[in-house]
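Q: Provided herewith is a single structure, encoded as structure tokens, for subsequent inquiry.
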Amino acid sequence: MNVKLLLAAVLAAPALAFAQAPNDAQIAHIVVTANQVDIDAGKLAQGKAKSKEVKDFAKQMVTDHSAVNKQAKDLAAKLKVKPEDNPTSQSLKKGGEDNVKTLKGLKGDAFDKAYVDHEVAYHQAVLDAIDKTLIPSAKNAELKDLIVKVRPAFVGHLEHAKMIQSKMK
Amino acid sequence: MSHRVIPVVVVALAGAAGLWFAASGAAAGPSAKHTVTIEATSYKPETITVKKGESVTWVNKDPFPHTVTAAGKFDSKSIAANGKWTYKATKAGEFSYICTLHPNMKGTIKVE
């Protein structure tokens with residue numbers, strides 16, 4: 001039941017929080033937070049997942065999102081943009097913490113299913129945010145370009161997670 | 001007088017032949033090199049046509065790993081960031097491949 005509530009919260013968060021367009025400093029913060037949330041869940045799943053496929057996926061999430069975060073942080077430094085905390089980042093962070101808390105209470109197949117279900121919902125939510133808010137709002141061309149270039153990787157993660165999810169049913 | 005002209009002609013002919021060999025070598029033949037760039041989680045070009053016996057090198061310019069995988073035909077396994085992988089096309093045909101890490105990435109290699 002917790003998982004369903006969490007999914008609802010993750011899905012609803014961007015829509016709630018993006019009442020007004022974020023500025024570039026906030027967008028940079030959202031990008032870094034979104035990646036960090038998935039790195040944290042991935043690190044937990046890398047050690048705790050039961051199936052090799054889920055473990056490998058979790059490892060990939062840590063690798064991919066860490067690489068994107070390095071790019072985002074490097075770009076922010078280059079542009080002298082100080083990432084600025086904002087309600088969207090806060091709800092992403094809260095959603096991530098709640099997810100990790102729930103996952104810590106699960107094991108075996110139940111853990112794998114909850115982790116993968118959340119990955120599907122999370123990547124879908126982040127893609128919606130990228131399309132509806134982050135890309136349209138980004139002012140700096142390099143920041144916009146980074147998000148545009150990273151977007152297909154999120155689509156890839158979503159498809160990969162859905163593929164694993166479909167085998168679980 | 002004519003004996004002074006001969007060496008010039010010989011050098012010119014040799015130069016032209018060298019150019020001809022270089023040009024034909026670069027354009028075709030089993031030594032032709034083909035490159036597919038992996039960037040922004042996609043293969044560029046998406047479809048590549050090569051001759052049997054030629055090699056294709058995939059260069060990963062993304063900051064995270066990708067694969068070049070045609071199930072049952074060839075599999076690069078994980079190609080690291082800034083890494084590359086070369087495949088020698090020994091069988092004629094059309095092969096679709098994907099990245100197993102990002103299954104939305106699709107490419108085709110046509111071997112003639």
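Convention: chains lettered A, B, ... in structure tokens order; per-chain residue numbering from 1; ligands numbered from 1 as shown.
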Which chain B residues have any atom within 7 Å of an atom of chain A, and for each, what is the nearest pair of atoms with distance in Å to one decimal, counting only C-alpha atoms, rows sorted by chain and number, as JSON lines?
A:
```
{"residue": "B:Ala40", "atom": "CA", "partner": "A:Lys149", "partner_atom": "CA", "distance": 4.8}
{"residue": "B:Thr41", "atom": "CA", "partner": "A:Ala153", "partner_atom": "CA", "distance": 5.6}
{"residue": "B:Pro63", "atom": "CA", "partner": "A:Ala67", "partner_atom": "CA", "distance": 5.7}
{"residue": "B:Phe64", "atom": "CA", "partner": "A:Asp64", "partner_atom": "CA", "distance": 5.3}
{"residue": "B:Leu101", "atom": "CA", "partner": "A:His160", "partner_atom": "CA", "distance": 6.8}
{"residue": "B:His102", "atom": "CA", "partner": "A:Gly156", "partner_atom": "CA", "distance": 4.0}
{"residue": "B:Pro103", "atom": "CA", "partner": "A:Gly156", "partner_atom": "CA", "distance": 5.7}
{"residue": "B:Asn104", "atom": "CA", "partner": "A:Gly156", "partner_atom": "CA", "distance": 5.2}
```
Q: For range 74-83 of chain A, list every protein, DNA or RNA residue within 9 Å, evaluated using only C-alpha atoms, and leave out those in the same chain fewer than 5 positions away; present the list as a compact mmCIF listing (two decimals) with C-alpha atoms, in the first residue's frame.
A:
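And here is the file that came out, out16.txt:
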```
# COMPACT_ATOMS: atom_id res chain seq x y z
CA ASP A 24 18.24 28.11 -14.55
CA ALA A 25 19.74 27.86 -11.05
CA GLN A 26 16.63 25.96 -9.91
CA ILE A 27 16.65 23.78 -13.03
CA ALA A 28 20.28 22.84 -12.36
CA HIS A 29 19.28 21.91 -8.80
CA ILE A 30 16.33 19.83 -10.03
CA VAL A 32 21.14 17.15 -9.82
CA ASN A 69 25.29 14.50 -12.49
CA ASN A 140 20.89 29.08 -21.03
CA GLU A 142 24.14 24.88 -22.84
CA LEU A 143 21.89 23.92 -19.94
CA LEU A 146 22.47 19.11 -21.72
```
Q: Please measure the separation of CA of Lys167 in chain A and CA of Ile79 in chain B, giving the value in Å to one decimal.
A: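 Here the two named atoms are 25.8 Å from each other.
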Q: So the first atom is CA of Lys84 in chain B and the second is CA of Lys55 in chain A; what is the distance between them in Å, to one decimal place?
A: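 Result for CA of Lys84 in chain B versus CA of Lys55 in chain A: 25.0 Å, one decimal.
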Q: In Å, how far is it from CA of Val37 in chain A to CA of Gly96 in chain A?
A: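 Separation of CA of Val37 in chain A and CA of Gly96 in chain A: 5.2 Å.
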Q: Neighbouring residues of Lys93 in chain A were defined as those with any atom within 9 Å, considering only C-alpha atoms; residues of the same chain fewer than 5 positions away were excluded. Please report them as an mmCIF file with C-alpha atoms, in the first residue's frame.
A:
```cif
data_model
loop_
_atom_site.group_PDB
_atom_site.id
_atom_site.type_symbol
_atom_site.label_atom_id
_atom_site.label_comp_id
_atom_site.auth_asym_id
_atom_site.auth_seq_id
_atom_site.Cartn_x
_atom_site.Cartn_y
_atom_site.Cartn_z
ATOM 1 C CA THR A 33 18.478 16.162 -7.261
ATOM 2 C CA ALA A 34 16.581 13.958 -9.716
ATOM 3 C CA GLN A 36 20.838 11.825 -6.899
ATOM 4 C CA VAL A 37 17.496 10.329 -5.881
ATOM 5 C CA THR A 88 10.373 20.653 -6.905
ATOM 6 C CA ASP A 98 10.317 7.780 1.325
#
```
Q: Considering only C-alpha atoms, state which residue in the set B:Lys110, B:Lys33, B:Lys51, B:Lys44 is at the smallest distance from Glu94 in chain B.
A: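 Closest residue, counting only C-alpha atoms: B:Lys110.
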Q: Closest to Ala114 in chain A among A:Ile164, A:Ile135, A:Val62, A:Ile39, using only C-alpha atoms?
A: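 Between A:Ile164, A:Ile135, A:Val62, A:Ile39, the residue approaching Ala114 in chain A most closely is A:Ile164.
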